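Written below as structure tokens is the structure these notes are about.
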Amino acid sequence: MLELCTLASGSSGNSLLVSDGRTHILVDAGISCRRITNSLKMLGVDPKELAGVLITHEHTDHMAGLATLTKQLRLPVYASRGTGRQLCYRIAFLEELFHPVTPGEGFSVERFPTSHDAAESTGYALSAGGRKAAVVTDLGYVTPEVERGIRGADLLVCEANHDVEWLQAGPYPYYLKARILGDRKSVV
């Protein structure tokens, strides 16, 4: 059995839980620690049972609650090396909890690059018990790497709210529009 539950999604914060019934992994912690722990408890998951947190990239809407969550629960944090470096710059004690490897005993975790304006934006495919769940966030477009990463997924969460026309006409400053519209590709 493989379950995936979205705790929050959008520019105000992102977080979701992937579970095989024994191992529970949080993907992103972009909402408050209180909101994450309350949501987990509502799902019947004790926050202390989390095997770790996978972070897709270092933008605030994906890591806002990470400092408090890891400080309270001493959770291991998993991310690409580029994202990990950015997280460690922002959270002083995180270096001792950061691992650029896969978490959990019951899960196999594959990471793959996504196109996003971050240090090393990553999507994840988590497999357990012959099932596969894939998570990609802030997806501007689907690259061949993303296609390979999500191929065969039984469950897929894809956050893709990139609208070029809306962005160009929107209220963002020019430098931010240029950054978001850029063709920056992460290397995993």
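Convention: chains lettered A, B, ... in structure tokens order; per-chain residue numbering from 1; ligands numbered from 1 as shown.
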Problem set entry | Residue neighbourhood segment 125-139 of chain A, 6 Å, only C-alpha atoms, exclusion window fewer than 2 positions, as number ranges by chain | A: 107-110, 123, 141, 150, 153-160
Problem set entry | alpha helix (DSSP H) per DSSP on the backbone: members of chain A, as number ranges by chain | A: 33-42, 60-63, 66-73, 81-90, 144-150, 164-169, 174-181
Seminar exercise, completed: Judged by only C-alpha atoms, the minimum distance to Leu26 of chain A among A:Gly170, A:Gly44, A:Pro76, A:Gly152 is found for A:Pro76
Any idea what's packed within 6 Å of Ala64 of chain A, counting only C-alpha atoms, ignoring anything in its chain fewer than 4 positions away? Could you give it as a CSV table (one decimal) with N, CA, C and O atoms, in the first residue's frame?
chain,number,residue,atom,x,y,z
A,30,GLY,N,6.7,23.6,3.6
A,30,GLY,CA,6.5,25.0,3.3
A,30,GLY,C,5.4,25.7,4.0
A,30,GLY,O,5.1,26.8,3.7
A,31,ILE,N,4.9,25.0,5.0
A,31,ILE,CA,3.9,25.6,5.9
A,31,ILE,C,4.5,25.5,7.4
A,31,ILE,O,5.5,24.9,7.6
A,60,THR,N,10.9,29.6,-0.2
A,60,THR,CA,10.3,29.7,1.1
A,60,THR,C,9.0,28.8,1.1
A,60,THR,O,8.6,28.2,2.1
For this session: Mind the document's chain letters and residue numbers, and return as number ranges by chain the residues of segment 35-90 of chain A that DSSP labels strand (DSSP E or B).
Result: A: 50-54, 77-78
Go ahead and write the selection's residues with N, CA and C atoms as a JSON list (two decimals), in the first residue's frame.
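File written: again-v3.json
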[["chain", "number", "residue", "atom", "x", "y", "z"],
["A", 50, "LEU", "N", 7.92, 10.32, 11.65],
["A", 50, "LEU", "CA", 8.43, 10.66, 10.32],
["A", 50, "LEU", "C", 9.85, 10.13, 10.16],
["A", 51, "ALA", "N", 10.12, 9.52, 9.01],
["A", 51, "ALA", "CA", 11.46, 9.02, 8.71],
["A", 51, "ALA", "C", 12.37, 10.15, 8.24],
["A", 52, "GLY", "N", 11.78, 11.23, 7.77],
["A", 52, "GLY", "CA", 12.57, 12.35, 7.29],
["A", 52, "GLY", "C", 11.75, 13.27, 6.42],
["A", 53, "VAL", "N", 12.43, 14.29, 5.91],
["A", 53, "VAL", "CA", 11.79, 15.28, 5.04],
["A", 53, "VAL", "C", 12.60, 15.38, 3.75],
["A", 54, "LEU", "N", 11.93, 15.24, 2.63],
["A", 54, "LEU", "CA", 12.53, 15.47, 1.31],
["A", 54, "LEU", "C", 12.18, 16.90, 0.92],
["A", 77, "VAL", "N", 16.98, 15.53, 6.95],
["A", 77, "VAL", "CA", 16.51, 16.28, 5.79],
["A", 77, "VAL", "C", 17.28, 15.77, 4.57],
["A", 78, "TYR", "N", 16.54, 15.45, 3.52],
["A", 78, "TYR", "CA", 17.12, 14.92, 2.29],
["A", 78, "TYR", "C", 16.82, 15.87, 1.14]]
Problem set entry | Nearest candidate to Lys48 of chain A (options A:Arg74, A:His62, A:Arg151, A:Arg22; using only C-alpha atoms) |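 Under the stated criterion, the closest residue is A:Arg74.
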Write out as a PDB file with N, CA and C atoms, in the first residue's frame each polymer residue whose atoms come within 12 Å of Glu58 of chain A, counting only C-alpha atoms; drop sequence neighbours fewer than 4 positions from it.
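Written output follows (selection28.pdb):
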ATOM      1  N   ASN A  14       3.780  24.533   0.548  1.00  0.00           N
ATOM      2  CA  ASN A  14       3.672  23.194  -0.013  1.00  0.00           C
ATOM      3  C   ASN A  14       4.181  22.164   0.986  1.00  0.00           C
ATOM      4  N   ASP A  28       8.606  18.315   1.353  1.00  0.00           N
ATOM      5  CA  ASP A  28       8.534  19.758   1.544  1.00  0.00           C
ATOM      6  C   ASP A  28       7.865  20.127   2.875  1.00  0.00           C
ATOM      7  N   ALA A  29       8.292  21.257   3.401  1.00  0.00           N
ATOM      8  CA  ALA A  29       7.789  21.760   4.682  1.00  0.00           C
ATOM      9  C   ALA A  29       7.567  23.258   4.544  1.00  0.00           C
ATOM     10  N   GLY A  30       6.744  23.632   3.581  1.00  0.00           N
ATOM     11  CA  GLY A  30       6.535  25.040   3.260  1.00  0.00           C
ATOM     12  C   GLY A  30       5.436  25.721   4.042  1.00  0.00           C
ATOM     13  N   LEU A  54      11.930  15.236   2.630  1.00  0.00           N
ATOM     14  CA  LEU A  54      12.534  15.472   1.313  1.00  0.00           C
ATOM     15  C   LEU A  54      12.184  16.898   0.919  1.00  0.00           C
ATOM     16  N   HIS A  62       8.396  26.129   0.101  1.00  0.00           N
ATOM     17  CA  HIS A  62       8.705  24.702   0.203  1.00  0.00           C
ATOM     18  C   HIS A  62       9.507  24.368   1.458  1.00  0.00           C
ATOM     19  N   MET A  63       9.934  25.412   2.208  1.00  0.00           N
ATOM     20  CA  MET A  63      10.758  25.126   3.389  1.00  0.00           C
ATOM     21  C   MET A  63      10.494  26.046   4.580  1.00  0.00           C
ATOM     22  N   ALA A  64       9.424  26.813   4.568  1.00  0.00           N
ATOM     23  CA  ALA A  64       9.164  27.791   5.628  1.00  0.00           C
ATOM     24  C   ALA A  64       9.084  27.182   7.025  1.00  0.00           C
ATOM     25  N   GLY A  65       8.547  25.994   7.160  1.00  0.00           N
ATOM     26  CA  GLY A  65       8.421  25.354   8.469  1.00  0.00           C
ATOM     27  C   GLY A  65       9.554  24.411   8.812  1.00  0.00           C
ATOM     28  N   LEU A  66      10.535  24.296   7.925  1.00  0.00           N
ATOM     29  CA  LEU A  66      11.603  23.303   8.098  1.00  0.00           C
ATOM     30  C   LEU A  66      12.460  23.540   9.336  1.00  0.00           C
ATOM     31  N   TYR A  78      16.540  15.450   3.517  1.00  0.00           N
ATOM     32  CA  TYR A  78      17.121  14.918   2.290  1.00  0.00           C
ATOM     33  C   TYR A  78      16.815  15.868   1.142  1.00  0.00           C
ATOM     34  N   ALA A  79      17.809  16.145   0.332  1.00  0.00           N
ATOM     35  CA  ALA A  79      17.635  17.022  -0.827  1.00  0.00           C
ATOM     36  C   ALA A  79      18.838  16.845  -1.737  1.00  0.00           C
ATOM     37  N   SER A  80      18.780  17.465  -2.893  1.00  0.00           N
ATOM     38  CA  SER A  80      19.954  17.491  -3.765  1.00  0.00           C
ATOM     39  C   SER A  80      21.051  18.285  -3.062  1.00  0.00           C
ATOM     40  N   ARG A  81      22.272  18.102  -3.491  1.00  0.00           N
ATOM     41  CA  ARG A  81      23.389  18.821  -2.856  1.00  0.00           C
ATOM     42  C   ARG A  81      23.227  20.342  -2.992  1.00  0.00           C
ATOM     43  N   GLY A  82      22.792  20.805  -4.160  1.00  0.00           N
ATOM     44  CA  GLY A  82      22.609  22.246  -4.369  1.00  0.00           C
ATOM     45  C   GLY A  82      21.546  22.821  -3.460  1.00  0.00           C
ATOM     46  N   THR A  83      20.417  22.122  -3.342  1.00  0.00           N
ATOM     47  CA  THR A  83      19.357  22.572  -2.450  1.00  0.00           C
ATOM     48  C   THR A  83      19.822  22.484  -1.004  1.00  0.00           C
ATOM     49  N   GLY A  84      20.500  21.405  -0.648  1.00  0.00           N
ATOM     50  CA  GLY A  84      21.006  21.249   0.709  1.00  0.00           C
ATOM     51  C   GLY A  84      21.944  22.372   1.110  1.00  0.00           C
ATOM     52  N   ARG A  85      22.791  22.770   0.180  1.00  0.00           N
ATOM     53  CA  ARG A  85      23.726  23.873   0.440  1.00  0.00           C
ATOM     54  C   ARG A  85      22.948  25.155   0.748  1.00  0.00           C
ATOM     55  N   GLN A  86      21.928  25.449  -0.042  1.00  0.00           N
ATOM     56  CA  GLN A  86      21.118  26.642   0.184  1.00  0.00           C
ATOM     57  C   GLN A  86      20.366  26.570   1.515  1.00  0.00           C
ATOM     58  N   LEU A  87      19.841  25.403   1.851  1.00  0.00           N
ATOM     59  CA  LEU A  87      19.128  25.234   3.114  1.00  0.00           C
ATOM     60  C   LEU A  87      20.067  25.435   4.303  1.00  0.00           C
ATOM     61  N   CYS A  88      21.270  24.894   4.209  1.00  0.00           N
ATOM     62  CA  CYS A  88      22.242  25.018   5.305  1.00  0.00           C
ATOM     63  C   CYS A  88      22.697  26.465   5.490  1.00  0.00           C
ATOM     64  N   TYR A  89      22.709  27.258   4.418  1.00  0.00           N
ATOM     65  CA  TYR A  89      23.019  28.685   4.548  1.00  0.00           C
ATOM     66  C   TYR A  89      21.946  29.383   5.388  1.00  0.00           C
ATOM     67  N   ARG A  90      20.702  28.947   5.233  1.00  0.00           N
ATOM     68  CA  ARG A  90      19.572  29.612   5.882  1.00  0.00           C
ATOM     69  C   ARG A  90      19.281  29.092   7.290  1.00  0.00           C
ATOM     70  N   ILE A  91      19.579  27.828   7.535  1.00  0.00           N
ATOM     71  CA  ILE A  91      19.257  27.201   8.826  1.00  0.00           C
ATOM     72  C   ILE A  91      20.561  26.708   9.440  1.00  0.00           C
ATOM     73  N   HIS A 116      13.379  24.814 -12.852  1.00  0.00           N
ATOM     74  CA  HIS A 116      12.831  25.828 -11.951  1.00  0.00           C
ATOM     75  C   HIS A 116      13.973  26.747 -11.550  1.00  0.00           C
ATOM     76  N   ASP A 117      13.673  27.953 -11.163  1.00  0.00           N
ATOM     77  CA  ASP A 117      14.702  28.933 -10.835  1.00  0.00           C
ATOM     78  C   ASP A 117      15.186  28.761  -9.392  1.00  0.00           C
ATOM     79  N   ALA A 118      15.828  27.650  -9.139  1.00  0.00           N
ATOM     80  CA  ALA A 118      16.353  27.326  -7.808  1.00  0.00           C
ATOM     81  C   ALA A 118      17.729  26.682  -7.990  1.00  0.00           C
ATOM     82  N   ALA A 119      18.443  26.505  -6.888  1.00  0.00           N
ATOM     83  CA  ALA A 119      19.814  25.989  -6.946  1.00  0.00           C
ATOM     84  C   ALA A 119      19.904  24.626  -7.631  1.00  0.00           C
ATOM     85  N   GLU A 120      19.065  23.700  -7.261  1.00  0.00           N
ATOM     86  CA  GLU A 120      19.074  22.364  -7.857  1.00  0.00           C
ATOM     87  C   GLU A 120      17.717  21.712  -7.614  1.00  0.00           C
ATOM     88  N   SER A 121      16.703  22.267  -8.245  1.00  0.00           N
ATOM     89  CA  SER A 121      15.328  21.822  -8.079  1.00  0.00           C
ATOM     90  C   SER A 121      15.179  20.358  -8.480  1.00  0.00           C
ATOM     91  N   THR A 122      14.431  19.622  -7.661  1.00  0.00           N
ATOM     92  CA  THR A 122      14.348  18.178  -7.822  1.00  0.00           C
ATOM     93  C   THR A 122      12.916  17.691  -7.707  1.00  0.00           C
ATOM     94  N   THR A 137       7.097  19.693  -8.354  1.00  0.00           N
ATOM     95  CA  THR A 137       6.499  20.969  -7.954  1.00  0.00           C
ATOM     96  C   THR A 137       7.050  22.091  -8.821  1.00  0.00           C
ATOM     97  N   ASP A 138       6.291  23.179  -8.894  1.00  0.00           N
ATOM     98  CA  ASP A 138       6.697  24.364  -9.649  1.00  0.00           C
ATOM     99  C   ASP A 138       7.182  24.015 -11.046  1.00  0.00           C
TER     100      ASP A 138
END
